[in-house]
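The file start.cif contains mmCIF, C-alpha atoms and all ligand atoms:
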```
data_model
loop_
_atom_site.label_atom_id
_atom_site.label_comp_id
_atom_site.auth_asym_id
_atom_site.auth_seq_id
_atom_site.Cartn_x
_atom_site.Cartn_y
_atom_site.Cartn_z
CA MET A 1 3.93 -190.20 62.52
CA LYS A 2 0.19 -190.90 62.83
CA LEU A 3 -1.84 -187.71 63.07
CA ASN A 4 -5.47 -187.81 64.05
CA ILE A 5 -7.03 -184.46 63.17
CA ALA A 6 -10.61 -183.34 63.79
CA LEU A 7 -11.80 -181.30 60.83
CA LEU A 8 -14.46 -178.68 61.49
CA PRO A 9 -15.14 -176.72 58.30
CA GLY A 10 -18.09 -174.77 59.78
CA ASP A 11 -19.98 -172.15 57.78
CA GLY A 12 -19.61 -169.67 54.93
CA ILE A 13 -16.18 -169.85 53.34
CA GLY A 14 -15.05 -172.29 56.06
CA PRO A 15 -15.43 -175.45 53.94
CA GLU A 16 -13.61 -173.92 50.93
CA VAL A 17 -10.59 -172.68 52.86
CA ILE A 18 -10.45 -175.86 54.95
CA ASP A 19 -10.33 -177.94 51.74
CA GLN A 20 -7.13 -176.12 50.76
CA ALA A 21 -5.54 -176.64 54.17
CA VAL A 22 -6.35 -180.35 53.86
CA LYS A 23 -4.75 -180.53 50.41
CA VAL A 24 -1.62 -178.82 51.69
CA SER A 25 -1.46 -180.99 54.83
CA ASN A 26 -1.91 -184.15 52.78
CA SER A 27 1.02 -183.12 50.58
CA ILE A 28 3.08 -182.59 53.71
CA ALA A 29 2.07 -186.06 54.90
CA THR A 30 3.12 -187.58 51.57
CA LYS A 31 6.42 -185.74 51.52
CA PHE A 32 7.41 -186.51 55.13
CA ASN A 33 5.80 -189.93 55.47
CA HIS A 34 3.06 -189.13 57.93
CA GLU A 35 -0.33 -190.71 58.06
CA ILE A 36 -3.18 -188.26 58.64
CA THR A 37 -6.65 -189.41 59.62
CA TRP A 38 -9.18 -186.62 59.14
CA VAL A 39 -12.36 -186.94 61.18
CA LYS A 40 -14.96 -184.49 59.96
CA ALA A 41 -17.52 -182.96 62.31
CA LEU A 42 -20.24 -180.33 62.16
CA VAL A 43 -20.20 -177.01 63.99
CA GLY A 44 -22.08 -173.71 63.67
CA ALA A 45 -25.06 -173.16 61.37
CA ALA A 46 -24.26 -176.41 59.59
CA ALA A 47 -24.72 -178.26 62.90
CA ILE A 48 -27.90 -176.34 63.78
CA ASP A 49 -29.41 -177.41 60.46
CA LYS A 50 -28.68 -181.06 61.14
CA PHE A 51 -28.87 -181.41 64.95
CA GLY A 52 -30.49 -178.18 66.18
CA ASP A 53 -27.28 -177.63 68.18
CA PRO A 54 -24.30 -175.52 67.02
CA TYR A 55 -21.81 -177.69 68.95
CA PRO A 56 -23.28 -181.17 69.21
CA ASN A 57 -21.93 -183.70 71.65
CA GLU A 58 -20.82 -185.89 68.77
CA THR A 59 -18.53 -183.08 67.58
CA HIS A 60 -17.18 -182.55 71.09
CA GLU A 61 -16.32 -186.26 71.40
CA ILE A 62 -14.47 -186.18 68.07
CA CYS A 63 -12.51 -183.10 69.22
CA LEU A 64 -11.60 -184.71 72.55
CA LYS A 65 -10.21 -187.80 70.83
CA ALA A 66 -8.21 -185.89 68.22
CA ASP A 67 -4.55 -184.82 68.47
CA ALA A 68 -5.49 -181.42 67.06
CA ILE A 69 -8.49 -179.61 65.61
CA LEU A 70 -8.49 -177.68 62.35
CA PHE A 71 -11.40 -175.29 62.19
CA GLY A 72 -12.75 -173.03 59.42
CA ALA A 73 -15.27 -170.38 60.45
CA ILE A 74 -18.66 -169.93 62.03
CA GLY A 75 -21.60 -167.62 61.29
CA ASP A 76 -24.57 -167.27 59.02
CA PRO A 77 -26.35 -163.99 58.22
CA LYS A 78 -29.74 -165.63 58.51
CA TYR A 79 -29.23 -165.57 62.29
CA ASP A 80 -27.62 -162.12 62.49
CA ASN A 81 -30.75 -160.33 61.41
CA ASP A 82 -33.00 -162.20 63.76
CA PRO A 83 -32.50 -160.90 67.31
CA SER A 84 -35.10 -163.40 68.56
CA ALA A 85 -33.22 -166.48 67.29
CA LYS A 86 -32.88 -168.93 70.20
CA VAL A 87 -29.82 -170.73 68.90
CA ARG A 88 -26.99 -168.98 67.07
CA PRO A 89 -23.99 -170.46 65.27
CA GLU A 90 -21.62 -168.35 67.40
CA GLN A 91 -22.87 -170.12 70.53
CA GLY A 92 -21.27 -173.23 69.08
CA LEU A 93 -17.90 -171.54 68.91
CA LEU A 94 -18.17 -170.23 72.47
CA LYS A 95 -19.30 -173.63 73.77
CA MET A 96 -16.47 -175.34 71.92
CA ARG A 97 -13.94 -172.93 73.49
CA LYS A 98 -15.42 -173.40 76.95
CA ASP A 99 -15.88 -177.18 76.82
CA LEU A 100 -12.39 -177.75 75.41
CA GLY A 101 -10.90 -175.34 77.95
CA LEU A 102 -9.28 -173.27 75.19
CA PHE A 103 -8.40 -170.33 77.41
CA ALA A 104 -5.56 -168.85 75.36
CA ASN A 105 -5.94 -167.64 71.82
CA VAL A 106 -2.58 -167.05 70.17
CA ARG A 107 -2.89 -164.51 67.36
CA PRO A 108 0.35 -163.48 65.69
CA THR A 109 0.63 -160.43 63.45
CA PHE A 110 3.47 -160.27 61.00
CA THR A 111 4.15 -158.88 57.56
CA PHE A 112 5.08 -160.58 54.32
CA PRO A 113 7.96 -158.92 52.44
CA SER A 114 6.12 -159.17 49.11
CA LEU A 115 2.91 -157.65 50.45
CA LEU A 116 4.18 -154.54 52.20
CA ASP A 117 2.35 -152.29 49.76
CA LYS A 118 -0.98 -154.09 50.31
CA SER A 119 -1.42 -152.70 53.80
CA PRO A 120 -3.33 -149.43 54.13
CA LEU A 121 -0.52 -148.38 56.48
CA LYS A 122 2.79 -146.95 55.28
CA LYS A 123 5.51 -149.46 54.48
CA GLU A 124 8.03 -147.94 56.88
CA ILE A 125 5.53 -148.24 59.73
CA ILE A 126 4.69 -151.91 59.24
CA GLU A 127 7.88 -153.41 57.83
CA GLY A 128 9.33 -155.85 60.35
CA THR A 129 6.23 -156.00 62.56
CA ASP A 130 6.23 -159.27 64.47
CA LEU A 131 3.95 -159.36 67.46
CA VAL A 132 1.69 -161.89 69.17
CA PHE A 133 -1.54 -161.33 70.98
CA LEU A 134 -2.55 -163.76 73.68
CA ARG A 135 -6.25 -163.21 73.98
CA GLU A 136 -8.05 -164.72 76.97
CA LEU A 137 -10.78 -166.82 75.42
CA THR A 138 -13.06 -168.43 77.97
CA GLY A 139 -13.88 -165.63 80.39
CA GLY A 140 -14.83 -161.98 80.58
CA ILE A 141 -17.93 -160.39 79.12
CA TYR A 142 -18.33 -163.21 76.59
CA PHE A 143 -19.22 -165.59 79.38
CA GLY A 144 -20.45 -163.31 82.17
CA LYS A 145 -23.95 -162.95 83.46
CA ARG A 146 -26.24 -161.21 81.00
CA GLY A 147 -29.89 -160.47 80.79
CA ARG A 148 -32.74 -158.05 80.54
CA LEU A 149 -34.48 -156.00 83.20
CA ASP A 150 -37.27 -153.51 83.16
CA ASN A 151 -39.61 -155.55 80.94
CA GLY A 152 -36.87 -156.06 78.43
CA ASN A 153 -36.07 -152.36 78.13
CA THR A 154 -32.71 -152.56 79.87
CA ALA A 155 -29.97 -155.07 79.02
CA TYR A 156 -26.70 -155.94 80.73
CA ASP A 157 -23.59 -158.04 80.16
CA THR A 158 -20.99 -158.47 82.86
CA CYS A 159 -17.23 -158.92 82.73
CA THR A 160 -15.91 -161.24 85.42
CA TYR A 161 -12.38 -162.59 85.90
CA SER A 162 -10.88 -164.66 88.67
CA ARG A 163 -7.23 -164.37 89.69
CA GLY A 164 -6.67 -167.95 88.52
CA GLU A 165 -8.03 -167.22 85.05
CA ILE A 166 -5.72 -164.22 84.75
CA GLN A 167 -2.70 -166.10 86.08
CA ARG A 168 -2.93 -168.93 83.57
CA ILE A 169 -3.11 -166.66 80.52
CA ALA A 170 -0.45 -164.34 81.98
CA LYS A 171 1.83 -167.34 82.52
CA LYS A 172 1.52 -168.15 78.82
CA GLY A 173 2.36 -164.52 78.08
CA PHE A 174 5.47 -164.51 80.29
CA ASP A 175 6.62 -167.88 78.91
CA LEU A 176 6.20 -166.70 75.33
CA ALA A 177 7.96 -163.42 76.09
CA MET A 178 10.92 -165.42 77.48
CA LYS A 179 11.21 -167.22 74.13
CA ARG A 180 10.98 -163.98 72.18
CA SER A 181 12.23 -160.49 73.02
CA LYS A 182 11.36 -160.61 76.75
CA ARG A 183 8.89 -157.77 76.42
CA LEU A 184 5.31 -158.19 77.58
CA CYS A 185 2.48 -155.69 77.34
CA CYS A 186 -0.53 -156.10 79.60
CA VAL A 187 -3.50 -154.44 77.90
CA ASP A 188 -6.32 -153.31 80.18
CA LYS A 189 -8.58 -150.46 81.18
CA ALA A 190 -7.46 -150.27 84.78
CA ASN A 191 -8.35 -146.57 85.01
CA VAL A 192 -12.02 -147.56 84.82
CA LEU A 193 -12.69 -151.26 85.23
CA GLU A 194 -12.36 -153.31 88.43
CA SER A 195 -11.70 -156.49 86.42
CA SER A 196 -8.79 -154.68 84.74
CA ARG A 197 -7.40 -153.66 88.11
CA LEU A 198 -7.36 -157.33 89.09
CA TRP A 199 -5.57 -158.13 85.80
CA ARG A 200 -2.92 -155.53 86.55
CA GLU A 201 -2.50 -156.57 90.17
CA THR A 202 -2.20 -160.25 89.20
CA VAL A 203 0.32 -159.65 86.43
CA GLN A 204 2.36 -157.29 88.63
CA ALA A 205 2.58 -159.99 91.30
CA MET A 206 3.93 -162.45 88.71
CA GLU A 207 6.73 -160.15 87.57
CA LYS A 208 9.08 -161.39 90.30
CA ASP A 209 8.98 -164.91 88.83
CA TYR A 210 10.19 -163.54 85.49
CA PRO A 211 12.89 -161.00 86.37
CA GLU A 212 14.16 -160.93 82.78
CA VAL A 213 10.84 -159.90 81.27
CA SER A 214 10.09 -156.21 81.09
CA VAL A 215 6.37 -155.63 81.44
CA SER A 216 4.46 -152.56 80.32
CA TYR A 217 0.90 -151.81 81.36
CA GLU A 218 -1.11 -149.92 78.79
CA PHE A 219 -4.73 -148.92 78.42
CA VAL A 220 -6.61 -150.57 75.61
CA ASP A 221 -7.55 -147.29 73.90
CA ALA A 222 -3.90 -146.22 73.79
CA VAL A 223 -2.86 -149.63 72.45
CA ALA A 224 -5.50 -149.36 69.70
CA MET A 225 -3.81 -146.15 68.62
CA ARG A 226 -0.17 -147.17 68.95
CA LEU A 227 -0.84 -150.46 67.16
CA VAL A 228 -1.29 -148.61 63.88
CA GLN A 229 1.12 -145.77 64.67
CA TRP A 230 4.11 -147.91 65.57
CA PRO A 231 3.31 -151.64 65.70
CA LYS A 232 7.00 -152.50 66.03
CA SER A 233 6.92 -151.25 69.60
CA TYR A 234 5.04 -154.40 70.59
CA ASP A 235 6.12 -158.01 70.98
CA VAL A 236 3.87 -160.13 73.23
CA LEU A 237 0.57 -158.65 74.37
CA ILE A 238 -1.89 -160.23 76.80
CA THR A 239 -5.45 -159.11 77.05
CA GLU A 240 -8.93 -160.06 78.14
CA ASN A 241 -11.45 -161.58 75.76
CA LEU A 242 -13.32 -158.62 74.25
CA PHE A 243 -10.32 -156.27 74.02
CA GLY A 244 -8.43 -159.08 72.30
CA ASP A 245 -11.26 -159.69 69.85
CA ILE A 246 -11.24 -156.06 68.76
CA LEU A 247 -7.48 -155.44 68.77
CA THR A 248 -6.65 -158.56 66.76
CA ASP A 249 -9.03 -157.55 63.97
CA GLU A 250 -7.32 -154.16 63.96
CA ALA A 251 -3.89 -155.77 63.94
CA SER A 252 -4.76 -157.99 60.98
CA VAL A 253 -4.90 -154.89 58.79
CA ILE A 254 -1.14 -154.47 59.28
CA SER A 255 -0.41 -157.58 57.22
CA GLY A 256 -2.52 -156.38 54.29
CA SER A 257 -5.47 -158.76 54.38
CA MET A 258 -7.57 -160.44 57.02
CA GLY A 259 -7.27 -163.53 54.90
CA LEU A 260 -3.66 -164.01 55.97
CA MET A 261 -3.56 -164.32 59.73
CA PRO A 262 -3.63 -167.72 61.46
CA SER A 263 -4.35 -168.50 65.09
CA ALA A 264 -4.13 -171.24 67.68
CA SER A 265 -6.37 -171.76 70.68
CA VAL A 266 -4.75 -173.72 73.44
CA GLY A 267 -5.68 -174.72 76.94
CA LEU A 268 -6.67 -177.76 78.90
CA LYS A 269 -7.44 -180.32 76.18
CA THR A 270 -7.01 -180.63 72.42
CA SER A 271 -5.65 -177.47 70.75
CA LEU A 272 -7.53 -175.83 67.91
CA TYR A 273 -6.14 -174.06 64.85
CA GLU A 274 -8.20 -171.57 62.89
CA PRO A 275 -7.92 -168.49 60.67
CA ILE A 276 -8.76 -165.26 62.49
CA HIS A 277 -11.19 -164.20 59.75
CA GLY A 278 -14.87 -165.03 59.96
CA SER A 279 -17.25 -166.92 57.69
CA TYR A 280 -17.39 -164.09 55.08
CA PRO A 281 -20.83 -165.19 53.81
CA GLN A 282 -20.77 -162.81 50.81
CA ALA A 283 -17.96 -164.88 49.33
CA ALA A 284 -19.24 -168.34 50.29
CA GLY A 285 -19.38 -170.82 47.44
CA LYS A 286 -17.64 -168.41 45.02
CA ASN A 287 -14.18 -169.94 45.26
CA ILE A 288 -12.63 -166.49 45.85
CA ALA A 289 -11.74 -166.52 49.55
CA ASN A 290 -8.10 -166.37 50.56
CA PRO A 291 -7.09 -169.78 51.97
CA LEU A 292 -3.72 -168.64 53.36
CA ALA A 293 -4.86 -167.87 56.91
CA THR A 294 -6.19 -171.42 57.21
CA ILE A 295 -3.13 -172.93 55.55
CA LEU A 296 -0.88 -170.96 57.90
CA SER A 297 -3.05 -172.18 60.79
CA ALA A 298 -2.26 -175.71 59.63
CA ALA A 299 1.42 -174.72 59.73
CA MET A 300 0.95 -173.59 63.35
CA MET A 301 -0.66 -176.98 64.02
CA PHE A 302 2.33 -178.90 62.63
CA ASP A 303 4.63 -176.62 64.61
CA ASP A 304 2.91 -176.53 68.00
CA ALA A 305 0.65 -179.58 68.25
CA PHE A 306 2.95 -182.09 66.52
CA LYS A 307 6.35 -180.42 66.96
CA LEU A 308 6.99 -181.02 63.26
CA LYS A 309 9.12 -177.94 62.68
CA GLU A 310 10.43 -178.75 59.24
CA GLU A 311 6.94 -179.48 57.94
CA ALA A 312 5.68 -176.14 59.29
CA ARG A 313 8.66 -174.34 57.76
CA LEU A 314 7.97 -175.83 54.35
CA ILE A 315 4.33 -174.68 54.42
CA ARG A 316 5.44 -171.16 55.30
CA ARG A 317 8.10 -171.25 52.60
CA VAL A 318 5.70 -172.21 49.80
CA VAL A 319 3.19 -169.62 51.04
CA ASN A 320 5.88 -166.95 50.74
CA LEU A 321 6.77 -168.28 47.31
CA SER A 322 3.15 -168.08 46.15
CA LEU A 323 3.01 -164.47 47.33
CA GLU A 324 6.24 -163.60 45.54
CA LYS A 325 4.90 -165.15 42.35
CA SER A 326 1.49 -163.52 42.84
CA ILE A 327 -0.38 -166.80 42.92
CA VAL A 328 -2.98 -165.09 45.07
CA THR A 329 -6.72 -164.63 45.50
CA GLU A 330 -8.48 -161.44 44.50
CA ASP A 331 -8.20 -159.72 47.90
CA LEU A 332 -4.49 -159.34 47.12
CA THR A 333 -4.77 -158.16 43.52
CA ASN A 334 -6.63 -155.30 41.91
CA GLY A 335 -9.10 -157.86 40.65
CA GLU A 336 -6.92 -158.78 37.68
CA ASN A 337 -4.85 -161.93 37.35
CA SER A 338 -6.15 -163.42 40.51
CA TYR A 339 -6.37 -167.11 41.29
CA SER A 340 -9.28 -168.96 42.82
CA THR A 341 -9.25 -170.41 46.33
CA SER A 342 -8.80 -173.94 45.03
CA GLU A 343 -6.13 -172.92 42.50
CA VAL A 344 -4.04 -171.37 45.27
CA GLY A 345 -4.47 -174.55 47.37
CA THR A 346 -3.50 -176.81 44.47
CA TRP A 347 -0.50 -174.65 43.59
CA LEU A 348 0.77 -174.84 47.17
CA SER A 349 0.25 -178.60 47.47
CA ASN A 350 2.14 -179.13 44.23
CA ALA A 351 4.92 -176.82 45.34
CA ILE A 352 5.35 -178.88 48.51
CA LEU A 353 5.79 -182.07 46.52
CA LYS A 354 8.40 -180.58 44.17
C1 LIG B 1 -13.38 -164.38 66.66
C2 LIG B 1 -14.81 -164.14 66.27
C3 LIG B 1 -15.72 -164.68 67.36
C4 LIG B 1 -15.40 -163.92 68.63
C5 LIG B 1 -17.23 -164.61 67.06
C6 LIG B 1 -17.57 -165.29 65.76
C7 LIG B 1 -18.06 -165.14 68.19
O1 LIG B 1 -15.06 -162.80 66.03
O2 LIG B 1 -12.98 -165.55 66.76
O3 LIG B 1 -12.65 -163.41 66.85
O4 LIG B 1 -15.93 -162.82 68.86
O5 LIG B 1 -14.61 -164.43 69.42
MN MN B 2 -13.29 -161.53 66.23
#
```
What do you get writing this file as structure tokens?
Ligand code: IPM
Ligand code: MN
Amino acid sequence: MKLNIALLPGDGIGPEVIDQAVKVSNSIATKFNHEITWVKALVGAAAIDKFGDPYPNETHEICLKADAILFGAIGDPKYDNDPSAKVRPEQGLLKMRKDLGLFANVRPTFTFPSLLDKSPLKKEIIEGTDLVFLRELTGGIYFGKRGRLDNGNTAYDTCTYSRGEIQRIAKKGFDLAMKRSKRLCCVDKANVLESSRLWRETVQAMEKDYPEVSVSYEFVDAVAMRLVQWPKSYDVLITENLFGDILTDEASVISGSMGLMPSASVGLKTSLYEPIHGSYPQAAGKNIANPLATILSAAMMFDDAFKLKEEARLIRRVVNLSLEKSIVTEDLTNGENSYSTSEVGTWLSNAILK
């Protein structure tokens, strides 16, 4: 099969972890006789430096033409500490999501048998956790009206959702629940927020189309608590943009390291695959970042975008093998006997070819 993949390494550790996902994907291509064409494009701070634009049109065109997008991370501290900066790397990510219509961000949380003791949570609480967040990604407070009043002394951001925006993400939630355990949790703050009441009303109205799915409605603060108390009580969760941002970082702790969790963003055009971790600038260029989240994102890409199930399974199998054999980066060791980012990538690509 011919696979045309847009490659967006981005900032910070993005390029290093992306390199490993490329190595692993190329081994998969060799093993299964696929032909991958990688088309590299700039995004984030890297794109601001070159074009003055964190998501240049050239990058957008490459993404539109690709069969899938593999993306690293975005963000650079030199912009974080400058509240007056006119362009920010993160704007590139938001523009990319909006322009590609990536309205659903699929963020699974699961555990690895060999890493159960790496989580700060007790083994018996996390063992067997297998849940998926569907985070709405192109609406809400991230994209609402914002501004300053009162000579700059008052600021506001607004959270707006239309019924249509809620329906399309909820539909993905119901469909996914049907393929899994038929349990769906709608996360909101309907006791306070009008936008949440519309979420609840919209999802409730859809229940009749999915009589087999049992839906629970829970407030975001309660979910934040139960997620670490008893994560196994959840299966598929749908939530608006900001709640999803926060809860999925929290959920990543369950697996033991943020460096492990992959994600997919899907919607109207080309789908995008990316690790849920950020650009981790403190580690950039040190060859220490964990590449597994990006490699597992590539597995999601083979699985979902190309329907190459066996290829995806093999990536997951060698990742599990590397964990069992402790071929891991320093976030998963006590600092001793750790492997570098590129060593882990090379080990996995070799294991695929064996
Ligand atoms: C994420 C990130 C982004 C977000 C940032 C970098 C804008 O935290 O993908 O979760 O808030 O969506
Ligand atoms: Mn986030």
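With all atoms listed in the file as the atoms that count, the minimum distance from ligand MN 2 (chain B) to the choices A:Pro54, A:Gly278, A:Gly44, A:Pro113 is reached by A:Gly278.
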Which polymer residues have any atom within 9 Å of an atom of range 74-84 of chain A, counting all atoms listed in the file, with same-chain residues fewer than 2 positions away left out, as a list of chain:residue names?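 Result of the neighbour search: A:Pro9, A:Gly10, A:Asp11, A:Gly12, A:Gly14, A:Val43, A:Gly44, A:Ala45, A:Ala46, A:Gly72, A:Lys86, A:Val87, A:Arg88, A:Pro89, A:Glu90, A:Gly92, A:Leu93, A:Gly278, A:Ser279, A:Tyr280, A:Pro281.
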Rows by chain and residue number, chain A within 9 Å of ligand MN 2 (chain B), shortest pair, all atoms listed in the file, as a Markdown table:
```
| residue | atom | partner | partner_atom | distance |
| --- | --- | --- | --- | --- |
| A:Leu242 | CA | B:MN2 | MN | 8.5 |
| A:Gly244 | CA | B:MN2 | MN | 8.2 |
| A:Asp245 | CA | B:MN2 | MN | 4.5 |
| A:Ile246 | CA | B:MN2 | MN | 6.4 |
| A:Leu247 | CA | B:MN2 | MN | 8.8 |
| A:Thr248 | CA | B:MN2 | MN | 7.3 |
| A:Asp249 | CA | B:MN2 | MN | 6.3 |
| A:Ile276 | CA | B:MN2 | MN | 7.0 |
| A:His277 | CA | B:MN2 | MN | 7.3 |
| A:Gly278 | CA | B:MN2 | MN | 7.4 |
```
Best match for closeness to ligand LIG 1 (chain B) among A:Ala264, A:Ile166, A:Ile5, A:Ala222, counting only C-alpha atoms and all ligand atoms: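 With only C-alpha atoms and all ligand atoms as the atom set, the closest residue is A:Ala264.
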Selection near Arg135 in chain A, 8 Å with all atoms listed in the file, sequence-local residues under 4 positions removed, as an NGL selection string: :A and (104-107 or 238-241 or 244-245)
Compare A:Phe174, A:Tyr55, A:Trp38, A:Phe103 by their minimum atom-to-atom distance to Thr270 in chain A, counting only C-alpha atoms, and give me the closest one. A:Phe103
So that I can see what lies close to Ser214 in chain A, please list as a list in words the residues with an atom at most 8 Å from it, counting only C-alpha atoms and leaving out residues fewer than 6 positions away in the same chain. Lys182, Arg183 and Leu184 of chain A
Return the single residue from A:Leu237, A:Arg148, A:Val266, A:Glu274 that is closest to ligand LIG 1 (chain B), with distances computed using all atoms listed in the file. A:Glu274
Two-atom distance - CA of Leu137 in chain A, atom O5 of ligand LIG 1 (chain B) (Å):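 Result for CA of Leu137 in chain A versus atom O5 of ligand LIG 1 (chain B): 7.5 Å, one decimal.
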Among the residues A:Gly139, A:Lys286, A:Ser271, A:Glu124, the one that comes closest to Lys65 in chain A [using only C-alpha atoms]: A:Ser271
Applying 8 Å and only C-alpha atoms, which residues near range 297-314 of chain A remain after dropping the ones on its own chain fewer than 5 positions away? List them as a list in words. Ala21, Ser25, Ile28, Phe32, Asp67, Ala68, Leu70, Met261, Pro262, Ser263, Ala264, Ser271, Leu272, Tyr273, Glu274, Pro275 and Ile352 of chain A
How would the residues just chosen look if you wrote them out with C-alpha atoms as a CSV table (one decimal), in the frame of the given file?
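The resulting file, selection.csv, is shown below:
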```csv
chain,number,residue,atom,x,y,z
A,21,ALA,CA,-5.5,-176.6,54.2
A,25,SER,CA,-1.5,-181.0,54.8
A,28,ILE,CA,3.1,-182.6,53.7
A,32,PHE,CA,7.4,-186.5,55.1
A,67,ASP,CA,-4.6,-184.8,68.5
A,68,ALA,CA,-5.5,-181.4,67.1
A,70,LEU,CA,-8.5,-177.7,62.4
A,261,MET,CA,-3.6,-164.3,59.7
A,262,PRO,CA,-3.6,-167.7,61.5
A,263,SER,CA,-4.4,-168.5,65.1
A,264,ALA,CA,-4.1,-171.2,67.7
A,271,SER,CA,-5.6,-177.5,70.8
A,272,LEU,CA,-7.5,-175.8,67.9
A,273,TYR,CA,-6.1,-174.1,64.8
A,274,GLU,CA,-8.2,-171.6,62.9
A,275,PRO,CA,-7.9,-168.5,60.7
A,352,ILE,CA,5.4,-178.9,48.5
```
Shortest interatomic distance to ligand LIG 1 (chain B) - which of A:Arg163, A:Lys98, A:Lys118, A:Arg146, counting all atoms listed in the file: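 Closest candidate: A:Lys98.
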Val319 in chain A environment, 9 Å, all atoms listed in the file, sequence neighbours closer than 2 positions dropped, as a list of chain:residue names: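 The residues satisfying every condition are A:Leu292, A:Ile295, A:Leu296, A:Leu314, A:Ile315, A:Arg316, A:Arg317, A:Leu321, A:Ser322, A:Leu323, A:Glu324, A:Leu348.
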Test item: which residues lie within 9 Å of (-15.0, -159.8, 81.3) counting only C-alpha atoms, as a count of residues only: 16
Can you report as AutoDock Vina command-line options the centre and edge lengths in Å, to one decimal, of an axis-aligned box around the listed atoms of range 193-201 of chain A padded with 3 Å on each side?
```
--center_x -7.6 --center_y -154.7 --center_z 87.5 --size_x 16.2 --size_y 12.9 --size_z 11.4
```
Distance CA of Pro108 in chain A-atom C7 of ligand LIG 1 (chain B), one decimal place?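 Atom-to-atom, CA of Pro108 in chain A and atom C7 of ligand LIG 1 (chain B) are spaced 18.7 Å apart.
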